[in-house]
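A.B. asks: Structure file query16.txt, compact mmCIF, C-alpha atoms, is pasted below:
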```
# COMPACT_ATOMS: atom_id res chain seq x y z
CA MET A 1 -2.69 26.06 2.40
CA SER A 2 -3.25 25.35 -1.24
CA ASP A 3 -6.21 23.21 -2.29
CA LEU A 4 -3.89 20.66 -3.86
CA PHE A 5 -1.96 20.37 -0.61
CA THR A 6 -5.16 19.73 1.37
CA TYR A 7 -6.44 17.30 -1.25
CA THR A 8 -3.20 15.30 -1.11
CA LEU A 9 -3.13 15.41 2.68
CA ARG A 10 -6.62 13.93 2.91
CA ILE A 11 -5.60 10.90 0.86
CA ALA A 12 -2.44 10.47 2.92
CA ASP A 13 -4.36 10.74 6.21
CA SER A 14 -6.84 8.01 5.33
CA SER A 15 -3.97 5.69 4.34
CA LEU A 16 -1.97 6.45 7.47
CA ILE A 17 -4.83 5.97 9.90
CA LEU A 18 -5.96 2.72 8.30
CA GLY A 19 -2.32 1.57 8.31
CA GLN A 20 -2.07 2.34 12.01
CA ARG A 21 -5.30 0.43 12.66
CA MET A 22 -4.00 -2.58 10.73
CA SER A 23 -0.69 -2.52 12.58
CA MET A 24 -2.66 -3.08 15.80
CA TRP A 25 -3.45 -6.57 14.49
CA CYS A 26 0.24 -7.49 14.53
CA SER A 27 0.63 -10.52 16.85
CA LYS A 28 -3.15 -10.65 17.40
CA GLY A 29 -4.33 -12.21 14.11
CA PRO A 30 -6.65 -15.22 14.26
CA THR A 31 -4.03 -17.40 12.50
CA LEU A 32 -0.38 -16.86 11.66
CA GLU A 33 -1.13 -16.42 7.94
CA GLU A 34 -3.82 -13.87 8.70
CA ASP A 35 -1.59 -12.04 11.16
CA ILE A 36 0.95 -11.68 8.37
CA ALA A 37 -1.74 -10.63 5.90
CA LEU A 38 -3.19 -7.91 8.12
CA SER A 39 0.26 -6.53 9.00
CA ASN A 40 1.28 -6.61 5.34
CA ILE A 41 -1.78 -4.60 4.39
CA GLY A 42 -0.88 -2.14 7.15
CA LEU A 43 2.61 -1.84 5.68
CA ASP A 44 1.20 -1.10 2.22
CA MET A 45 -1.02 1.60 3.71
CA PHE A 46 1.98 3.23 5.43
CA GLY A 47 3.92 3.11 2.19
CA GLN A 48 1.07 4.71 0.27
CA ALA A 49 0.64 7.35 2.99
CA ASN A 50 4.36 8.11 2.81
CA GLY A 51 4.21 8.76 -0.92
CA PHE A 52 1.31 11.19 -0.55
CA TYR A 53 2.85 12.90 2.51
CA GLU A 54 6.15 13.38 0.70
CA TYR A 55 4.27 15.07 -2.12
CA ALA A 56 2.22 17.19 0.31
CA ALA A 57 5.45 18.21 2.07
CA GLN A 58 6.94 19.20 -1.27
CA LEU A 59 3.86 21.30 -2.09
CA ASP A 60 3.97 22.91 1.36
CA GLY A 61 7.70 23.60 1.29
CA THR A 62 8.13 24.05 5.05
CA LYS A 63 7.07 20.79 6.68
CA SER A 64 8.46 17.30 6.23
CA ALA A 65 6.36 14.16 5.72
CA ASP A 66 7.13 13.20 9.33
CA ASP A 67 5.96 16.62 10.57
CA LEU A 68 2.68 16.07 8.80
CA ALA A 69 2.19 12.61 10.25
CA PHE A 70 3.37 13.21 13.79
CA ASN A 71 2.84 16.88 14.64
CA ARG A 72 -0.80 17.49 13.87
CA ASN A 73 -3.79 17.18 16.18
CA GLU A 74 -7.17 15.50 15.56
CA ARG A 75 -8.78 18.60 14.11
CA GLU A 76 -5.97 18.87 11.56
CA PHE A 77 -6.44 15.31 10.30
CA PHE A 78 -8.72 14.87 7.29
CA ASN A 79 -9.11 11.11 6.98
CA HIS A 80 -12.44 9.38 6.44
CA GLN A 81 -14.07 8.55 9.75
CA LEU A 82 -14.51 4.98 8.51
CA VAL A 83 -10.79 4.19 8.79
CA GLU A 84 -10.43 5.39 12.38
CA GLN A 85 -13.10 3.00 13.65
CA GLU A 86 -11.91 0.34 16.06
CA ASN A 87 -10.77 -3.04 14.81
CA GLY A 88 -13.21 -4.85 17.09
CA HIS A 89 -13.32 -8.54 16.24
CA PHE A 90 -12.01 -9.90 12.93
CA GLY A 91 -15.43 -9.57 11.26
CA ILE A 92 -15.61 -5.88 12.10
CA THR A 93 -12.14 -5.24 10.67
CA ILE A 94 -12.97 -7.14 7.48
CA ALA A 95 -16.28 -5.29 7.02
CA ARG A 96 -14.62 -1.90 7.54
CA ASN A 97 -11.74 -2.68 5.22
CA PHE A 98 -13.97 -4.15 2.55
CA LEU A 99 -16.14 -1.01 2.41
CA HIS A 100 -13.03 1.15 2.21
CA ASP A 101 -11.17 -1.10 -0.21
CA VAL A 102 -14.01 -0.91 -2.74
CA PHE A 103 -13.91 2.87 -2.49
CA ASN A 104 -10.11 3.00 -2.73
CA PHE A 105 -10.13 0.72 -5.77
CA LEU A 106 -12.56 3.01 -7.63
CA PHE A 107 -10.95 6.21 -6.37
CA TYR A 108 -7.39 5.26 -7.38
CA THR A 109 -8.59 3.96 -10.73
CA GLN A 110 -9.88 7.46 -11.47
CA LEU A 111 -7.01 9.32 -9.82
CA SER A 112 -4.49 7.43 -11.94
CA ASN A 113 -5.83 9.53 -14.87
CA SER A 114 -5.17 12.78 -13.02
CA LYS A 115 -3.53 15.67 -14.86
CA ASP A 116 -1.22 15.97 -11.87
CA GLU A 117 1.59 13.58 -12.77
CA THR A 118 2.66 12.84 -9.22
CA LEU A 119 -0.85 12.08 -7.98
CA ALA A 120 -1.48 9.93 -11.06
CA ALA A 121 1.73 7.96 -10.46
CA LEU A 122 1.05 7.48 -6.74
CA ALA A 123 -2.51 6.39 -7.54
CA ALA A 124 -1.37 3.87 -10.16
CA LYS A 125 1.13 2.44 -7.69
CA SER A 126 -1.42 2.29 -4.85
CA LEU A 127 -4.01 0.72 -7.13
CA LYS A 128 -1.83 -2.34 -7.68
CA GLU A 129 -1.81 -2.94 -3.94
CA VAL A 130 -5.42 -1.99 -3.28
CA LYS A 131 -6.48 -4.64 -5.80
CA TYR A 132 -5.21 -7.44 -3.61
CA HIS A 133 -6.38 -5.74 -0.44
CA LEU A 134 -9.86 -5.81 -1.96
CA ARG A 135 -9.45 -9.44 -2.97
CA HIS A 136 -8.42 -10.27 0.60
CA SER A 137 -11.34 -8.48 2.28
CA SER A 138 -13.88 -9.70 -0.32
CA ASN A 139 -12.78 -13.31 0.06
CA TRP A 140 -13.13 -13.15 3.82
CA LEU A 141 -16.46 -11.37 3.60
CA ILE A 142 -17.80 -14.20 1.43
CA ARG A 143 -16.22 -16.92 3.53
CA LEU A 144 -17.57 -15.56 6.79
CA GLY A 145 -20.95 -14.49 5.43
CA ASP A 146 -21.48 -17.83 3.71
CA GLY A 147 -19.92 -19.74 6.60
CA THR A 148 -21.60 -20.70 9.83
CA GLU A 149 -24.51 -18.96 11.51
CA LYS A 150 -22.10 -17.45 14.01
CA SER A 151 -19.64 -16.15 11.41
CA ASN A 152 -22.53 -14.73 9.37
CA THR A 153 -23.91 -12.91 12.43
CA LYS A 154 -20.52 -11.46 13.26
CA ILE A 155 -19.68 -10.15 9.80
CA GLN A 156 -23.19 -8.75 9.44
CA GLU A 157 -22.63 -6.94 12.74
CA GLY A 158 -19.44 -5.50 11.23
CA LEU A 159 -21.32 -4.19 8.19
CA ASN A 160 -24.12 -2.75 10.30
CA THR A 161 -21.62 -0.96 12.56
CA MET A 162 -19.56 0.51 9.73
CA TRP A 163 -22.32 1.41 7.31
CA GLN A 164 -22.98 4.87 8.79
CA PHE A 165 -19.43 5.88 7.87
CA THR A 166 -19.76 5.13 4.17
CA GLY A 167 -21.85 8.17 3.18
CA GLU A 168 -18.91 10.46 3.70
CA LEU A 169 -16.79 8.68 1.09
CA PHE A 170 -18.84 10.18 -1.74
CA GLU A 171 -19.07 13.77 -0.52
CA MET A 172 -17.65 16.66 -2.52
CA ASP A 173 -16.73 19.89 -0.76
CA GLU A 174 -15.38 23.11 -2.29
CA ILE A 175 -11.81 21.84 -2.37
CA ASP A 176 -12.85 18.61 -4.10
CA LYS A 177 -14.80 20.59 -6.67
CA GLN A 178 -11.90 22.96 -7.34
CA ILE A 179 -9.45 20.12 -7.77
CA LEU A 180 -11.89 18.20 -9.94
CA SER A 181 -12.49 21.17 -12.24
CA ALA A 182 -8.70 21.54 -12.60
CA GLY A 183 -8.67 18.02 -14.05
CA ILE A 184 -6.69 16.73 -11.09
CA GLY A 185 -9.20 15.31 -8.65
CA VAL A 186 -11.86 12.63 -8.65
CA ASP A 187 -15.62 13.08 -8.74
CA ASN A 188 -16.46 11.08 -5.61
CA THR A 189 -20.19 11.33 -6.21
CA ALA A 190 -19.76 9.57 -9.55
CA LEU A 191 -18.09 6.60 -7.82
CA LYS A 192 -21.24 5.78 -5.86
CA ASN A 193 -22.96 3.70 -8.56
CA ASP A 194 -19.98 1.45 -9.14
CA TRP A 195 -19.40 1.20 -5.40
CA ASP A 196 -23.01 0.11 -4.90
CA THR A 197 -22.74 -2.50 -7.64
CA LEU A 198 -19.50 -3.98 -6.35
CA VAL A 199 -20.67 -3.98 -2.74
CA ASN A 200 -24.08 -5.45 -3.58
CA ASN A 201 -22.59 -8.22 -5.73
CA THR A 202 -20.20 -9.27 -3.01
CA LEU A 203 -22.86 -9.09 -0.30
CA GLN A 204 -25.09 -11.29 -2.39
CA LYS A 205 -22.35 -13.88 -2.82
CA ALA A 206 -21.70 -13.67 0.92
CA LYS A 207 -25.39 -14.11 1.79
CA LEU A 208 -25.29 -10.87 3.74
CA ASN A 209 -27.81 -8.06 3.90
CA ARG A 210 -27.04 -4.57 2.77
CA PRO A 211 -27.67 -2.35 5.78
CA GLU A 212 -30.24 0.40 5.29
CA ASP A 213 -29.06 3.94 4.70
CA THR A 214 -30.20 5.77 7.78
CA TYR A 215 -28.03 8.28 9.59
CA MET A 216 -24.72 8.93 7.85
CA ALA A 217 -21.82 10.41 9.81
CA THR A 218 -19.81 13.19 8.21
CA GLY A 219 -17.01 15.62 8.96
CA GLY A 220 -13.67 13.87 8.36
CA LYS A 221 -12.73 16.29 5.59
CA LYS A 222 -13.29 19.22 7.91
CA GLY A 223 -11.22 17.66 10.67
CA LEU A 224 -14.25 16.49 12.65
CA HIS A 225 -13.79 12.99 13.98
CA THR A 226 -15.20 10.35 16.24
CA GLU A 227 -13.49 10.02 19.62
CA ARG A 228 -11.47 7.07 18.26
CA LEU A 229 -8.99 9.21 16.33
CA GLY A 230 -7.58 10.91 19.43
CA PHE A 231 -6.61 7.56 20.92
CA ILE A 232 -4.90 6.47 17.71
CA LEU A 233 -2.88 9.70 17.50
CA ALA A 234 -1.96 9.55 21.19
CA GLU A 235 -0.29 6.21 20.64
CA MET A 236 1.07 6.85 17.15
CA GLN A 237 2.53 10.28 17.92
CA TYR A 238 3.77 9.60 21.45
CA LEU A 239 7.42 9.20 20.63
CA GLN A 240 7.70 12.28 18.44
CA ARG A 241 5.81 14.34 21.01
CA ALA A 242 7.84 13.11 23.98
CA TYR A 243 11.18 13.32 22.16
CA PRO A 244 10.75 15.91 19.40
CA ASP A 245 12.79 15.24 16.26
CA ALA A 246 13.99 11.89 17.61
CA LYS A 247 15.67 9.81 14.92
CA TRP A 248 16.36 6.10 14.80
CA MET B 1 34.26 9.23 -20.31
CA GLN B 2 30.92 9.74 -18.60
CA SER B 3 29.30 6.97 -20.59
CA GLY B 4 32.12 4.68 -19.48
CA GLU B 5 31.49 5.69 -15.90
CA ILE B 6 27.77 5.16 -16.25
CA LYS B 7 28.52 1.62 -17.36
CA TYR B 8 30.80 1.28 -14.33
CA ILE B 9 28.00 2.51 -12.03
CA TRP B 10 25.64 -0.08 -13.49
CA GLU B 11 28.26 -2.73 -12.79
CA LEU B 12 28.60 -1.55 -9.20
CA LEU B 13 24.83 -1.48 -8.74
CA ASN B 14 24.70 -5.03 -10.01
CA THR B 15 26.80 -6.04 -6.98
CA VAL B 16 24.28 -4.62 -4.48
CA PRO B 17 22.04 -7.49 -3.36
CA ASP B 18 18.35 -7.26 -2.57
CA PRO B 19 18.35 -7.17 1.25
CA GLU B 20 15.56 -9.75 1.52
CA ILE B 21 16.52 -12.00 -1.40
CA PRO B 22 20.33 -11.80 -1.51
CA VAL B 23 20.69 -14.06 -4.57
CA ILE B 24 19.52 -11.28 -6.86
CA SER B 25 20.87 -7.76 -7.21
CA VAL B 26 18.87 -4.56 -7.22
CA VAL B 27 19.50 -4.34 -10.97
CA GLU B 28 18.10 -7.84 -11.51
CA LEU B 29 15.12 -6.95 -9.34
CA GLY B 30 14.38 -4.22 -11.85
CA VAL B 31 14.23 -1.29 -9.44
CA ILE B 32 17.06 0.70 -11.06
CA ARG B 33 15.32 2.48 -13.91
CA ASP B 34 18.02 4.79 -15.17
CA VAL B 35 21.46 6.23 -14.53
CA ILE B 36 22.21 9.59 -16.15
CA PHE B 37 24.83 12.31 -15.77
CA SER B 38 23.37 15.73 -15.16
CA ASP B 39 24.82 18.90 -13.56
CA ASN B 40 28.08 17.18 -12.60
CA SER B 41 26.26 14.45 -10.78
CA TYR B 42 24.99 10.95 -11.49
CA VAL B 43 21.26 10.63 -11.05
CA ILE B 44 20.13 7.11 -10.26
CA SER B 45 16.39 6.61 -10.68
CA ILE B 46 14.83 4.01 -8.44
CA THR B 47 11.30 2.64 -8.53
CA PRO B 48 9.96 1.21 -5.27
CA THR B 49 8.71 -2.38 -5.48
CA TYR B 50 5.89 -2.17 -2.95
CA SER B 51 4.99 1.20 -1.39
CA GLY B 52 5.69 0.02 2.12
CA CYS B 53 8.57 -2.38 1.47
CA PRO B 54 11.25 -1.73 4.12
CA ALA B 55 13.86 -3.16 1.74
CA VAL B 56 13.54 -0.05 -0.45
CA LYS B 57 15.09 2.11 2.26
CA ALA B 58 17.65 -0.59 3.06
CA PHE B 59 18.91 -0.98 -0.51
CA GLN B 60 19.10 2.79 -0.98
CA ASP B 61 21.51 2.88 1.96
CA ASP B 62 23.41 -0.11 0.52
CA ILE B 63 23.71 1.62 -2.86
CA LYS B 64 25.10 4.77 -1.24
CA ILE B 65 27.69 2.76 0.69
CA CYS B 66 28.68 0.72 -2.37
CA LEU B 67 29.17 3.77 -4.62
CA LYS B 68 31.10 5.71 -1.98
CA GLU B 69 33.38 2.77 -1.25
CA ASN B 70 34.18 2.67 -4.95
CA GLY B 71 35.06 6.33 -5.12
CA ILE B 72 31.83 7.73 -6.54
CA GLU B 73 30.76 10.73 -4.48
CA ASN B 74 28.78 12.89 -6.89
CA PHE B 75 25.48 11.06 -7.19
CA GLU B 76 21.91 11.32 -6.06
CA LEU B 77 19.13 8.78 -5.77
CA LYS B 78 15.80 9.78 -7.20
CA ILE B 79 12.56 7.94 -6.43
CA VAL B 80 10.38 7.54 -9.49
CA TYR B 81 6.81 6.24 -9.12
CA SER B 82 5.80 6.12 -12.76
CA PRO B 83 5.71 3.71 -14.47
CA ALA B 84 4.98 1.59 -11.40
CA TRP B 85 7.35 -1.31 -10.80
CA THR B 86 6.25 -4.61 -12.23
CA THR B 87 7.56 -8.17 -12.04
CA ASP B 88 7.50 -8.13 -15.87
CA TRP B 89 10.84 -6.32 -15.67
CA MET B 90 12.48 -9.40 -14.21
CA THR B 91 14.56 -11.34 -16.73
CA GLU B 92 14.35 -15.12 -17.22
CA ALA B 93 17.83 -15.46 -15.72
CA THR B 94 16.66 -13.65 -12.58
CA LYS B 95 13.62 -15.88 -12.33
CA GLU B 96 15.88 -18.93 -12.58
CA LYS B 97 17.97 -17.60 -9.67
CA LEU B 98 14.85 -17.14 -7.56
CA LYS B 99 13.78 -20.68 -8.31
CA LYS B 100 17.17 -22.11 -7.33
CA TYR B 101 16.90 -20.14 -4.08
CA GLY B 102 13.57 -21.87 -3.38
CA ILE B 103 11.21 -19.05 -4.31
CA ALA B 104 8.74 -19.70 -7.12
CA PRO B 105 9.26 -16.87 -9.64
CA PRO B 106 6.34 -14.73 -10.85
CA SER B 107 4.41 -16.50 -13.60
CA ASP B 108 0.86 -17.35 -14.68
CA THR B 109 1.20 -20.85 -13.26
CA VAL B 110 2.76 -21.24 -9.84
CA ILE B 111 5.26 -24.07 -10.12
CA CYS B 112 6.82 -25.80 -7.13
CA PRO B 113 10.50 -24.78 -6.99
CA GLN B 114 11.40 -28.15 -5.43
CA CYS B 115 9.78 -30.72 -7.73
CA ASP B 116 8.48 -28.59 -10.65
CA SER B 117 4.91 -29.75 -10.13
CA GLU B 118 2.19 -27.46 -11.38
CA LYS B 119 -0.19 -28.81 -8.76
CA THR B 120 0.20 -26.14 -6.11
CA GLU B 121 -2.19 -24.54 -3.66
CA LEU B 122 -2.37 -21.06 -2.22
CA ILE B 123 -2.01 -20.94 1.56
CA SER B 124 -2.02 -17.16 1.92
CA GLU B 125 -1.73 -14.25 -0.47
CA PHE B 126 0.68 -12.67 1.99
CA GLY B 127 4.10 -13.84 3.08
CA ALA B 128 7.19 -12.90 5.04
CA THR B 129 7.77 -9.93 2.75
CA ALA B 130 5.32 -7.74 0.84
CA CYS B 131 6.32 -9.28 -2.50
CA LYS B 132 5.62 -12.89 -1.64
CA ALA B 133 2.68 -15.25 -1.13
CA LEU B 134 2.64 -18.63 0.62
CA TYR B 135 1.97 -21.80 -1.38
CA LYS B 136 2.28 -25.50 -0.91
CA CYS B 137 2.95 -28.24 -3.40
CA VAL B 138 0.22 -30.86 -3.66
CA ASP B 139 2.68 -33.45 -5.04
CA CYS B 140 5.77 -33.14 -2.84
CA LEU B 141 3.88 -31.39 -0.02
CA GLU B 142 6.63 -28.79 0.45
CA PRO B 143 5.44 -25.35 1.48
CA PHE B 144 7.18 -22.59 -0.46
CA GLU B 145 7.16 -18.87 -1.16
CA TYR B 146 5.95 -17.43 -4.44
CA PHE B 147 7.06 -14.06 -5.78
CA LYS B 148 3.73 -12.43 -6.64
CA CYS B 149 3.01 -10.96 -10.06
CA ILE B 150 2.36 -7.27 -9.75
```
What does the file become when written as C-alpha cells?

C.D. replies:
Amino acid sequence: MSDLFTYTLRIADSSLILGQRMSMWCSKGPTLEEDIALSNIGLDMFGQANGFYEYAAQLDGTKSADDLAFNRNEREFFNHQLVEQENGHFGITIARNFLHDVFNFLFYTQLSNSKDETLAALAAKSLKEVKYHLRHSSNWLIRLGDGTEKSNTKIQEGLNTMWQFTGELFEMDEIDKQILSAGIGVDNTALKNDWDTLVNNTLQKAKLNRPEDTYMATGGKKGLHTERLGFILAEMQYLQRAYPDAKW
Amino acid sequence: MQSGEIKYIWELLNTVPDPEIPVISVVELGVIRDVIFSDNSYVISITPTYSGCPAVKAFQDDIKICLKENGIENFELKIVYSPAWTTDWMTEATKEKLKKYGIAPPSDTVICPQCDSEKTELISEFGATACKALYKCVDCLEPFEYFKCI
C-alpha cells in the first residue's frame, strides 16, 4: 500500500461513515425540512467519499471503489472515531457534525492547495459543500444553545459526549508526515489554532461551554475503533457480503 | 469533418434534459465542459454539480443513449473535478427558463418566481434535490424552490 493510497483512503472513510450515519436520519428528522437537510448532507458525504475512493482505487489498481467501501473490515477502516459515534438525539448529531465540519472546512481549505492535482480538485469540490454543512450545524448549535434551558442542556450534552473524539483530528502519524513533506498533504497540527478559534466563537454565540480537554480517544488512523463502527459496517455492507458483486 | 461532428455532438447534448429539471439541458446546466476528438474517439468532459447528486449518474446514462441512438459509438465520458462546477456558468437564458418553471434562479437576491417580489424568506437551506433550497414569498405567500449559488 502506498502512503498516498492510505492517505486518500482515510479521507474517503471519514466521509463514507459520516454519510452512513446521516442516512440513518432519513425519515426520522425532527421536521420535514430537517429530515431533508440531514439526508442531503448524507448524500454530499457519499458523493465526496466516492470521489476519494475512485482515486484510491485508481492508485491501487486492483480494487474498485465499491470493493474499498464494502469489502473491508473494521480494522481496515481509517476514519476518525468522531464520525462513527451514534446519532443519539438531534443535539448529539449536531454537536458531532459541527466539530467535524469545522475540521473539514479547515482541512479541505488546505488540501485544495495540494500538489496532487486530483486531491486538490476533490478538496475544492468538497469544500463548497462543507461550507454549507458548517453553516447548517453552526446555526443549529447557536439556536439550540441559545434556546431554552432544555435545548441548551441537550446540545451541551452532545458537545460533552463528542469532545473526547476531537483530539484525534489533529494527529500526525508517519504517513501524514510523509505526504505533507511531499507537498501533498495537510499539516493537521497547524489546523488546531483556527479550529479552536472557530469553535470557541460559535460556542460563545451559542452560550455553550467548551468542554475541558481530559482524556482524548485515538486510533482511527490505525484502524482502531469504538464498538460503534462494527454495527455500521454490518448494516452498510450486508448486501455486498450476502450477495457478492450484486449489481442494481 | 471532426469539427463539424463536434458541433453535431454539442447539438445532441443540448437535447439531453437535466433529469430533475427537464426544462434545461445538460449543456445549459453547464456540466459539459468540453468535447474533443482524440485517438479516434470523442472525449466528453463532464463536471459533477454536487458530489452526491444522483442526477449525475442519470444524465451520463441519458447522454450515452442519446449519442448511440444518433449513430455515435466512439465516445467516452470523462469526469473532471477541476475547476469545480459553479452556478456562474449558467447563462441568463437558462436562468429565465428556470424562473418560468417556478424555480428561482441563482442570484444575490432571491426573487419570487411567481410575483417577482424581493421580499422572500428562507425556509430551509436544503430542498428536494441537492442543488435547491426552500423559500417562501412574504408578499404572495407562495413557497418556492431556489437554485442555490455554489

A.B. asks: Choose the residue, out of B:Ile111, B:Ser51, B:Glu73, B:Val138, that has the smallest atom-to-atom separation from chain A; count all atoms listed in the file.

C.D. replies: B:Ser51

A.B. asks: Output as a PyMOL selection string the set of chain A residues within 8 Å of chain B, with distances taken over only C-alpha atoms.

C.D. replies: chain A and resi 33-34+36-37+40+43-48+51+118+121-122+124-126+128-129+136

A.B. asks: Have a look at B:Ser38, B:Pro105, B:Pro113, B:Leu77 and name the one nearest to Ala93 (chain B); count all atoms listed in the file.

C.D. replies: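 Smallest distance to Ala93 (chain B) is found for B:Pro105.
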
A.B. asks: Counting only C-alpha atoms, which residues come within 8 Å of (28.7, -0.5, -5.8), with the point read in the file's coordinates, and could you list them as JSON, numbers by chain?

C.D. replies: {"B": [9, 11, 12, 13, 14, 15, 16, 63, 64, 65, 66, 67, 68, 69, 70]}

A.B. asks: Taking all atoms listed in the file into account, which of B:Leu29, B:Trp10, B:Leu98, B:Phe147 comes nearest Val43 (chain B)?

C.D. replies: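 Closest residue, counting all atoms listed in the file: B:Trp10.
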
A.B. asks: Hey, what's within 10 Å of Glu54 (chain A) if we count only C-alpha atoms and toss same-chain stuff fewer than 4 positions away? As a list in words, please?

C.D. replies: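 Near neighbours after the sequence-gap exclusion: Thr8, Leu9, Ala12, Ala49, Asn50, Gln58, Leu59, Asp60, Lys63, Ser64, Ala65, Asp66 and Leu68 of chain A.
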
A.B. asks: Please provide the set of residues having any atom within 8 Å of Arg33 (chain B), restricted to all atoms listed in the file, with same-chain residues fewer than 5 positions apart removed, written as a PDB file with C-alpha atoms, in the frame of the given file.

C.D. replies:
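Final output, selection_35.pdb:
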```
ATOM      1  CA  ILE B  44      20.130   7.110 -10.260  1.00  0.00           C
ATOM      2  CA  SER B  45      16.390   6.610 -10.680  1.00  0.00           C
ATOM      3  CA  ILE B  46      14.830   4.010  -8.440  1.00  0.00           C
ATOM      4  CA  THR B  47      11.300   2.640  -8.530  1.00  0.00           C
TER       5      THR B  47
END
```

A.B. asks: To box region 23-27 of chain A, take all atoms listed in the file, fit an axis-aligned box, add 6 Å on each side, and give centre and edge lengths in Å to one decimal, as lines of an AutoDock Vina configuration file.

C.D. replies:
```
center_x = -1.4
center_y = -6.5
center_z = 14.7
size_x = 16.1
size_y = 20.0
size_z = 16.3
```

A.B. asks: In terms of the shortest atom-to-atom distance over all atoms listed in the file, which of A:Gln81, A:Gln156, A:Ser151, A:Asn188 is closest to Thr109 (chain A)?

C.D. replies: A:Asn188

A.B. asks: How far is it from CA of Ile32 (chain B) to CA of Lys95 (chain B), in Å with one decimal?

C.D. replies: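 Computing it gives 17.0 Å between the two atoms.
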
A.B. asks: Quick one: of A:Met172, A:Leu203, A:Leu38, A:Leu127, who's nearest to Asp146 (chain A), counting all atoms listed in the file?

C.D. replies: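 Of A:Met172, A:Leu203, A:Leu38, A:Leu127, the one nearest Asp146 (chain A) is A:Leu203, counting all atoms listed in the file.
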
A.B. asks: Given only C-alpha atoms as the basis, pick out the residue of A:Ser2, A:Thr166, A:Thr161, A:Gln204 nearest to Leu82 (chain A).

C.D. replies: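 With only C-alpha atoms as the atom set, the closest residue is A:Thr166.
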
A.B. asks: What is the distance, in Å and to one decimal place, between CA of Ile103 (chain B) and CA of Phe144 (chain B)?

C.D. replies: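 Value for the CA of Ile103 (chain B)-CA of Phe144 (chain B) distance: 6.6 Å.
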
A.B. asks: I'd like the neighbourhood of Leu233 (chain A) as JSON, numbers by chain, where a residue qualifies if any of its atoms comes within 10 Å (using all atoms listed in the file), though same-chain residues fewer than 4 positions away should be ignored.

C.D. replies: {"A": [17, 20, 69, 70, 71, 72, 73, 74, 77, 228, 229, 237, 238]}

A.B. asks: What's the 9 Å shell around Pro17 (chain B), counting all atoms listed in the file, without same-chain residues fewer than 5 positions away, as a PDB file with C-alpha atoms, in the coordinates of the input?

C.D. replies:
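Once written, part-v8.pdb looks like this:
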```
ATOM      1  CA  PRO B  22      20.330 -11.800  -1.510  1.00  0.00           C
ATOM      2  CA  VAL B  23      20.690 -14.060  -4.570  1.00  0.00           C
ATOM      3  CA  ILE B  24      19.520 -11.280  -6.860  1.00  0.00           C
ATOM      4  CA  SER B  25      20.870  -7.760  -7.210  1.00  0.00           C
ATOM      5  CA  VAL B  26      18.870  -4.560  -7.220  1.00  0.00           C
ATOM      6  CA  VAL B  27      19.500  -4.340 -10.970  1.00  0.00           C
ATOM      7  CA  PHE B  59      18.910  -0.980  -0.510  1.00  0.00           C
ATOM      8  CA  ASP B  62      23.410  -0.110   0.520  1.00  0.00           C
TER       9      ASP B  62
END
```

A.B. asks: Quick one: pull the distance between CA of Glu168 (chain A) and CA of Glu235 (chain A), Å, one decimal.

C.D. replies: 25.5 Å
